[in-house]
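Structure file coords.cif with mmCIF, C-alpha atoms and all ligand atoms:
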```cif
data_entry
#
loop_
_atom_site.label_atom_id
_atom_site.label_comp_id
_atom_site.auth_asym_id
_atom_site.auth_seq_id
_atom_site.Cartn_x
_atom_site.Cartn_y
_atom_site.Cartn_z
CA MET X 21 32.89 260.95 131.62
CA GLU X 22 30.30 258.19 131.24
CA THR X 23 31.28 255.04 133.12
CA LEU X 24 29.64 251.64 132.75
CA THR X 25 29.70 249.18 135.63
CA LEU X 26 27.95 246.16 137.11
CA GLY X 27 24.39 246.92 138.18
CA PRO X 28 21.76 247.53 139.22
CA ALA X 29 22.66 250.48 141.47
CA GLY X 30 24.19 249.58 144.82
CA THR X 31 26.78 247.01 143.75
CA TYR X 32 30.30 247.14 145.10
CA SER X 33 31.38 247.93 141.54
CA HIS X 34 29.02 250.92 141.59
CA ARG X 35 30.56 252.14 144.85
CA ALA X 36 34.04 251.83 143.34
CA ALA X 37 32.94 253.55 140.12
CA THR X 38 31.60 256.59 141.96
CA ALA X 39 35.16 257.23 143.17
CA VAL X 40 36.23 257.94 139.58
CA SER X 41 33.06 259.17 137.87
CA ASP X 42 29.82 260.99 138.68
CA ASP X 43 28.06 259.66 135.58
CA VAL X 44 27.58 255.91 136.10
CA ALA X 45 25.48 253.56 133.95
CA PHE X 46 24.76 249.87 134.56
CA THR X 47 24.68 246.53 132.84
CA GLU X 48 24.60 243.06 134.35
CA SER X 49 27.67 241.41 132.83
CA VAL X 50 31.35 242.13 133.18
CA THR X 51 31.97 240.99 129.59
CA ALA X 52 29.33 243.44 128.34
CA ILE X 53 31.12 246.28 130.19
CA VAL X 54 34.50 245.50 128.61
CA GLU X 55 32.94 245.04 125.17
CA ALA X 56 31.02 248.36 125.36
CA VAL X 57 34.20 250.26 126.28
CA ALA X 58 36.20 248.50 123.52
CA ASP X 59 33.48 249.55 121.06
CA GLY X 60 33.65 253.18 122.20
CA GLU X 61 30.10 253.21 123.60
CA TYR X 62 31.36 254.32 127.03
CA ASP X 63 34.41 256.34 128.11
CA ARG X 64 35.20 254.10 131.05
CA GLY X 65 34.26 250.75 132.57
CA VAL X 66 34.78 249.54 136.14
CA VAL X 67 35.04 245.78 136.66
CA PRO X 68 36.12 243.58 139.59
CA VAL X 69 39.23 241.49 138.87
CA GLU X 70 40.36 239.90 142.10
CA ASN X 71 39.20 239.32 145.64
CA SER X 72 41.42 238.61 148.64
CA ILE X 73 39.28 235.65 149.76
CA GLU X 74 37.93 234.19 146.56
CA GLY X 75 40.60 235.03 143.99
CA SER X 76 40.11 235.96 140.37
CA VAL X 77 37.00 237.14 138.62
CA THR X 78 37.85 234.97 135.64
CA GLU X 79 35.16 236.51 133.43
CA SER X 80 36.99 239.85 133.64
CA LEU X 81 40.37 238.32 132.77
CA ASP X 82 38.91 236.49 129.80
CA ALA X 83 37.20 239.67 128.58
CA PHE X 84 40.57 241.53 128.67
CA ALA X 85 42.04 238.81 126.45
CA GLU X 86 39.09 238.97 124.06
CA TYR X 87 38.46 242.72 123.70
CA ASP X 88 41.06 245.41 123.11
CA VAL X 89 40.90 247.83 126.07
CA ALA X 90 43.35 249.78 128.22
CA VAL X 91 43.61 249.56 132.00
CA VAL X 92 44.01 253.13 133.28
CA LYS X 93 43.65 252.72 137.05
CA GLU X 94 43.22 250.13 139.76
CA LEU X 95 40.85 250.63 142.67
CA ILE X 96 41.23 248.66 145.88
CA THR X 97 38.33 248.67 148.27
CA PRO X 98 37.41 246.80 151.46
CA ILE X 99 34.31 244.63 151.14
CA ARG X 100 32.04 244.16 154.15
CA HIS X 101 29.02 242.01 153.48
CA ALA X 102 25.67 242.10 155.27
CA LEU X 103 22.82 239.59 155.26
CA LEU X 104 19.62 241.33 154.19
CA ALA X 105 16.07 240.00 154.17
CA GLN X 106 12.46 240.95 154.96
CA ASN X 107 12.66 238.68 158.02
CA GLU X 108 14.37 235.55 159.35
CA GLY X 109 12.00 233.23 157.47
CA PHE X 110 14.05 232.99 154.27
CA GLU X 111 14.89 229.73 152.52
CA LEU X 112 17.31 230.93 149.87
CA VAL X 113 20.24 233.36 149.72
CA ALA X 114 20.75 235.15 146.39
CA SER X 115 23.95 237.04 145.62
CA HIS X 116 26.88 237.41 143.26
CA ALA X 117 28.90 234.16 143.12
CA GLN X 118 31.92 235.92 144.64
CA ALA X 119 29.88 237.22 147.60
CA LEU X 120 28.38 233.78 148.26
CA ALA X 121 31.89 232.30 148.19
CA GLN X 122 33.31 235.00 150.47
CA CYS X 123 30.65 234.14 153.08
CA ARG X 124 30.65 230.36 152.57
CA GLY X 125 31.81 229.53 156.13
CA TYR X 126 29.30 231.89 157.73
CA LEU X 127 26.39 230.50 155.70
CA GLU X 128 27.34 226.89 156.40
CA ALA X 129 27.61 227.58 160.14
CA GLU X 130 24.51 229.77 160.59
CA TYR X 131 22.14 228.62 157.82
CA PRO X 132 23.19 225.09 156.80
CA ASP X 133 19.80 224.30 155.24
CA VAL X 134 19.24 227.32 153.01
CA ASP X 135 19.74 227.15 149.24
CA LEU X 136 22.17 229.46 147.48
CA GLU X 137 21.50 231.16 144.17
CA ALA X 138 24.14 232.99 142.15
CA VAL X 139 22.74 236.09 140.45
CA ALA X 140 24.34 238.78 138.26
CA SER X 141 25.32 241.07 141.15
CA THR X 142 24.81 241.65 144.86
CA ALA X 143 22.30 244.42 144.07
CA ARG X 144 20.32 242.04 141.85
CA GLY X 145 20.11 239.68 144.85
CA VAL X 146 18.88 242.57 147.02
CA GLU X 147 16.09 243.20 144.48
CA ARG X 148 15.15 239.52 144.67
CA ALA X 149 14.97 239.79 148.49
CA ARG X 150 12.87 242.96 148.25
CA ASP X 151 10.37 241.13 146.03
CA ASP X 152 10.24 237.83 147.91
CA PRO X 153 10.17 237.17 151.70
CA ALA X 154 11.63 233.68 151.06
CA VAL X 155 14.83 235.23 149.69
CA ALA X 156 17.73 236.82 151.57
CA ALA X 157 20.60 238.70 149.91
CA ILE X 158 24.25 239.32 150.66
CA GLY X 159 25.34 242.84 149.85
CA HIS X 160 26.42 246.20 151.16
CA PRO X 161 24.32 247.21 154.22
CA ASP X 162 23.41 250.54 152.54
CA THR X 163 21.31 248.62 150.01
CA ALA X 164 18.83 247.47 152.72
CA GLY X 165 16.63 250.55 152.24
CA GLU X 166 13.22 250.67 153.92
CA ASP X 167 12.06 247.18 153.06
CA LEU X 168 14.87 244.93 154.23
CA GLN X 169 16.33 244.22 157.64
CA ILE X 170 20.06 243.94 158.19
CA LEU X 171 20.08 240.51 159.86
CA ALA X 172 23.88 240.37 160.27
CA GLU X 173 26.87 242.50 159.36
CA ASP X 174 30.48 241.68 158.50
CA ILE X 175 29.64 238.11 157.52
CA GLN X 176 32.60 237.59 155.16
CA ASP X 177 34.86 234.72 156.21
CA GLN X 178 37.94 236.93 156.72
CA ALA X 179 37.68 240.31 158.42
CA SER X 180 39.98 241.88 155.85
CA ASN X 181 38.10 241.23 152.62
CA ALA X 182 39.33 243.44 149.79
CA THR X 183 38.54 243.56 146.10
CA ARG X 184 40.64 244.96 143.30
CA PHE X 185 38.69 246.64 140.51
CA VAL X 186 40.18 248.12 137.37
CA VAL X 187 39.08 251.08 135.32
CA VAL X 188 39.15 250.23 131.62
CA ALA X 189 39.22 252.76 128.76
CA PRO X 190 39.30 252.54 124.96
CA ALA X 191 42.60 251.01 123.77
CA ASP X 192 43.94 254.30 122.36
CA GLU X 193 43.98 255.76 125.89
CA ARG X 194 46.58 253.27 127.04
CA SER X 195 49.27 255.00 129.10
CA ASP X 196 52.94 254.17 129.64
CA ALA X 197 52.95 256.18 132.88
CA GLY X 198 52.15 254.57 136.22
CA GLY X 199 53.70 252.38 138.87
CA LYS X 200 52.01 249.16 137.76
CA THR X 201 51.50 247.47 134.41
CA SER X 202 49.14 244.71 133.28
CA LEU X 203 50.18 242.40 130.45
CA ILE X 204 48.67 239.39 128.73
CA VAL X 205 51.00 236.86 127.15
CA TYR X 206 49.95 234.06 124.85
CA PRO X 207 53.12 232.08 124.08
CA ASN X 208 51.30 229.55 121.85
CA ALA X 209 54.06 227.09 122.76
CA ASP X 210 54.56 224.25 125.22
CA TYR X 211 57.97 222.98 126.29
CA PRO X 212 59.73 222.29 129.61
CA GLY X 213 60.78 225.54 131.29
CA LEU X 214 58.56 227.87 129.21
CA LEU X 215 56.99 229.51 132.24
CA LEU X 216 60.38 229.90 133.93
CA GLU X 217 61.77 231.49 130.74
CA MET X 218 58.85 233.89 130.56
CA LEU X 219 59.35 235.10 134.13
CA GLU X 220 63.14 235.44 134.05
CA PRO X 221 63.18 238.71 132.05
CA PHE X 222 61.34 240.37 134.97
CA ALA X 223 63.37 238.70 137.73
CA ASP X 224 66.66 239.54 135.99
CA ARG X 225 65.76 243.23 136.05
CA ASP X 226 64.46 243.32 139.62
CA ILE X 227 60.89 243.88 138.46
CA ASN X 228 58.47 242.68 141.10
CA MET X 229 55.68 240.57 139.67
CA THR X 230 52.53 241.29 141.69
CA ARG X 231 50.43 238.62 140.04
CA VAL X 232 50.53 235.84 137.48
CA GLU X 233 47.47 233.90 136.50
CA SER X 234 46.94 231.34 133.78
CA ARG X 235 43.66 231.05 131.90
CA PRO X 236 42.78 228.44 129.32
CA SER X 237 43.29 229.84 125.82
CA GLY X 238 40.19 228.03 124.56
CA GLU X 239 42.28 226.67 121.67
CA ARG X 240 43.09 223.25 123.13
CA LEU X 241 43.35 221.54 126.51
CA GLY X 242 46.55 222.50 128.34
CA ASP X 243 47.07 225.71 126.29
CA TYR X 244 47.18 228.90 128.35
CA VAL X 245 47.04 232.68 128.26
CA PHE X 246 49.07 234.30 131.09
CA HIS X 247 47.89 237.44 132.86
CA ILE X 248 50.91 239.16 134.39
CA ASP X 249 50.96 242.29 136.58
CA ILE X 250 54.26 243.96 137.43
CA ALA X 251 55.23 246.78 139.77
CA ALA X 252 56.89 248.86 137.07
CA GLY X 253 55.74 251.25 134.34
CA LEU X 254 55.94 250.78 130.57
CA TYR X 255 57.91 254.06 130.41
CA GLU X 256 60.84 252.42 132.25
CA ALA X 257 63.82 251.09 130.28
CA ARG X 258 63.88 247.88 132.33
CA THR X 259 60.23 247.18 131.45
CA LYS X 260 60.85 247.78 127.74
CA GLU X 261 63.84 245.43 127.83
CA ALA X 262 61.95 242.73 129.72
CA LEU X 263 59.06 242.95 127.26
CA ALA X 264 61.36 242.64 124.28
CA ASP X 265 62.61 239.36 125.78
CA VAL X 266 59.06 238.15 126.52
CA GLU X 267 58.02 239.03 122.97
CA SER X 268 60.74 236.86 121.51
CA ILE X 269 59.68 233.96 123.76
CA ALA X 270 56.07 234.46 122.56
CA GLU X 271 57.06 234.80 118.89
CA ASN X 272 54.43 232.24 117.88
CA GLY X 273 51.73 233.97 119.93
CA TRP X 274 51.22 237.53 121.14
CA VAL X 275 51.91 239.97 124.01
CA ARG X 276 49.33 242.61 124.87
CA ARG X 277 50.10 245.65 126.99
CA LEU X 278 46.94 246.71 128.82
CA GLY X 279 48.82 249.77 130.06
CA SER X 280 50.44 251.34 133.08
CA TYR X 281 48.44 252.89 135.88
CA ASP X 282 48.38 253.86 139.54
CA THR X 283 46.38 252.53 142.47
CA GLU X 284 43.63 254.35 144.31
CA HIS X 285 42.30 253.05 147.62
CA VAL X 286 38.56 253.61 147.89
CA LEU X 287 36.92 253.66 151.32
CA ASN X 288 33.23 254.14 150.75
O1 LIG X 301 27.94 242.17 142.76
C1 LIG X 301 28.58 243.20 143.11
O2 LIG X 301 28.21 244.00 143.97
C2 LIG X 301 29.89 243.43 142.47
O3 LIG X 301 30.26 244.55 142.25
C3 LIG X 301 30.76 242.24 142.26
C4 LIG X 301 31.39 241.91 143.56
C5 LIG X 301 30.86 240.92 144.36
C6 LIG X 301 31.45 240.65 145.60
C7 LIG X 301 32.55 241.36 146.02
C8 LIG X 301 33.07 242.35 145.22
C9 LIG X 301 32.49 242.63 143.98
#
```

This structure in C-alpha cells:
Amino acid sequence: METLTLGPAGTYSHRAATAVSDDVAFTESVTAIVEAVADGEYDRGVVPVENSIEGSVTESLDAFAEYDVAVVKELITPIRHALLAQNEGFELVASHAQALAQCRGYLEAEYPDVDLEAVASTARGVERARDDPAVAAIGHPDTAGEDLQILAEDIQDQASNATRFVVVAPADERSDAGGKTSLIVYPNADYPGLLLEMLEPFADRDINMTRVESRPSGERLGDYVFHIDIAAGLYEARTKEALADVESIAENGWVRRLGSYDTEHVLN
C-alpha cells in the first residue's frame, strides 16, 4: 500500500507512516498529501493533526474540509527533539514551525540571539544544516547521520511531547467501525446558543467529545467550520441519533463524516 507523507525522509511523519506502511513516498506539504489521496494517486496519507504542546496543525484541518478523504486510523507518538548542527557556531535554527514552537523556551534560554527559520519539515531543516555550518536544525536525533553533531537532546519545552497523526484514505474507504469518529460541521448560521445546541446531541447521549476546534470558513469574518472528534463509532445507534440532530441544526450548511477508526500508539 503506497503511503504519502511529509518529507524528505526522516520526518516524524515518516516515522509514524512506517508503522502502517512499508512503501512510503514524500512530498513537502500536508495539503498536497490530502489532495493526492483524495485524487486516488496514493492509497494512504499520513499527516500530523495535533501536538500536545503547540496544538493544531491547522493546515491539516483545513485540507480535511477542502478535500474529500476518510480518516482510517490515528497514530499517537512521542516526540523528542534534538538540536543538530555541524558545530556550535550556528547563527540560525531551521525546522518545521511546530518543532520551533515546541522548543521555544529552550531556544530563548540557550540561544537568545539566533534567528529561526520555518521550513517545510524537520528533515528539510536537517538538510539545510548539512549544507551550511551556519545553520542548526531541530529534529529526530536519528537524522544526524555522519555530518551533524547532536548538540542537545530532549529540548522540547515539556518532557511529554506527543503528536497525533491521522492516516487518510480515499473517501470510499470510510469505515463506520472504530472507537473514535471525526466529523466536520459547517452550520452556516450564527445565533446565540448555536454552539451549545450543536454539542447537546452528544452530551445528551453520553458521547464523550475528545476535541472541538473551530476554523474560519473563509466565507466571511466570524463564520466557522467545526472539527469535532468523539469517542464513539458511526456504527453505534447513539452516534447515528446524535448526527441526525446535528444535521438538522446544520440544515443550511453541511456535516461531513470523516469516518470511524481506532488508535495506534507508535513508539519508534
Ligand atoms: O516536520 C516533521 O518532521 C513532521 O513530521 C511534522 C512535525 C513537526 C514537529 C512535531 C511533529 C510533527

Using only C-alpha atoms and all ligand atoms, I'd like a table of the residues in chain X that come within 6 Å of ligand LIG 301 (chain X); for each, show the closest atom pair and its distance in Å rounded to one decimal, ordered by chain and ascending number, as a tab-separated table.
```
residue	atom	partner	partner_atom	distance
X:Leu26	CA	X:LIG301	O3	5.9
X:Thr31	CA	X:LIG301	O2	3.3
X:Tyr32	CA	X:LIG301	O3	3.9
X:Ser33	CA	X:LIG301	O3	3.6
X:Pro68	CA	X:LIG301	C9	5.8
X:His116	CA	X:LIG301	O1	4.9
X:Gln118	CA	X:LIG301	C6	4.8
X:Ala119	CA	X:LIG301	C6	4.3
X:Ser141	CA	X:LIG301	O1	3.3
X:Thr142	CA	X:LIG301	O1	3.8
X:Ala143	CA	X:LIG301	O2	5.9
X:Thr183	CA	X:LIG301	C8	5.7
```

field: Gap from atom CA of X:Ala83 to atom CA of X:His160 - Å, one decimal
entry: 25.9 Å

- request: Show which residues sit within 8 Å of X:Ile53, as a VMD selection string. Count only C-alpha atoms, and ignore same-chain residues fewer than 6 positions away.
  value: chain X and resid 24 to 26 47 65 to 67

query: Leaving out stretch 55-64 of chain X and any residue of its chain fewer than 4 positions from it, which residues lie within 7 Å of it when counting all atoms listed in the file, given as a PyMOL selection string?
result: chain X and resi 21-24+51+87-89+187-191

message: So that I can see what lies close to stretch 219-236 of chain X, please list as a count of residues only the residues with an atom at most 10 Å from it, counting all atoms listed in the file and leaving out residues fewer than 2 positions away in the same chain.
response: 41

- prompt: Using only C-alpha atoms, which of the listed residues (X:Leu278, X:Ala156, X:Leu287, X:Val77) sits closest to X:Ser195?
  reply: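 Ranked by minimum distance to X:Ser195, first place goes to X:Leu278.
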
task: Would you work out the distance separating atom CA of X:Arg144 from atom CA of X:Pro28, expressed in Å to one decimal?
output: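 Atom-to-atom, atom CA of X:Arg144 to atom CA of X:Pro28, that is 6.3 Å.
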
message: Given all atoms listed in the file as the basis, pick out the residue of X:Ile170, X:Leu104, X:Val186, X:Ala140 nearest to X:Phe84.
response: X:Val186

Taking all atoms of stretch 254-260 of chain X that the file lists, what box with edges along x, y and z, padded by 4 Å per side, do you get, with centre and edge lengths in Å to one decimal, as lines of an AutoDock Vina configuration file?
```
center_x = 59.9
center_y = 250.6
center_z = 130.0
size_x = 15.9
size_y = 14.9
size_z = 12.6
```

task: State, in Å with one decimal place, the distance from atom CA of X:Gly27 to atom CA of X:Glu130.
output: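 Here the two named atoms are 28.2 Å from each other.
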
message: Between X:Val146, X:Glu74, X:Ile96, X:Ala172, which residue has the minimum interatomic distance to X:Ala117, considering only C-alpha atoms?
response: X:Glu74

Considering all atoms listed in the file, return as a compact mmCIF listing (two decimals) with C-alpha atoms, in the coordinates of the input whatever protein or nucleic-acid residues lie within 7 Å of stretch 135-138 of chain X, sequence-local ones (same chain, fewer than 4 positions apart) excluded.
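Result written to result.txt:
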```txt
# COMPACT_ATOMS: atom_id res chain seq x y z
CA GLU X 111 14.89 229.73 152.52
CA LEU X 112 17.31 230.93 149.87
CA VAL X 113 20.24 233.36 149.72
CA ALA X 114 20.75 235.15 146.39
CA SER X 115 23.95 237.04 145.62
CA HIS X 116 26.88 237.41 143.26
CA ALA X 117 28.90 234.16 143.12
```

- request: Measuring atom to atom with all atoms listed in the file, identify which of X:Ala29, X:Val50, X:Val69, X:Val275 is nearest to X:Gly145.
  value: X:Ala29
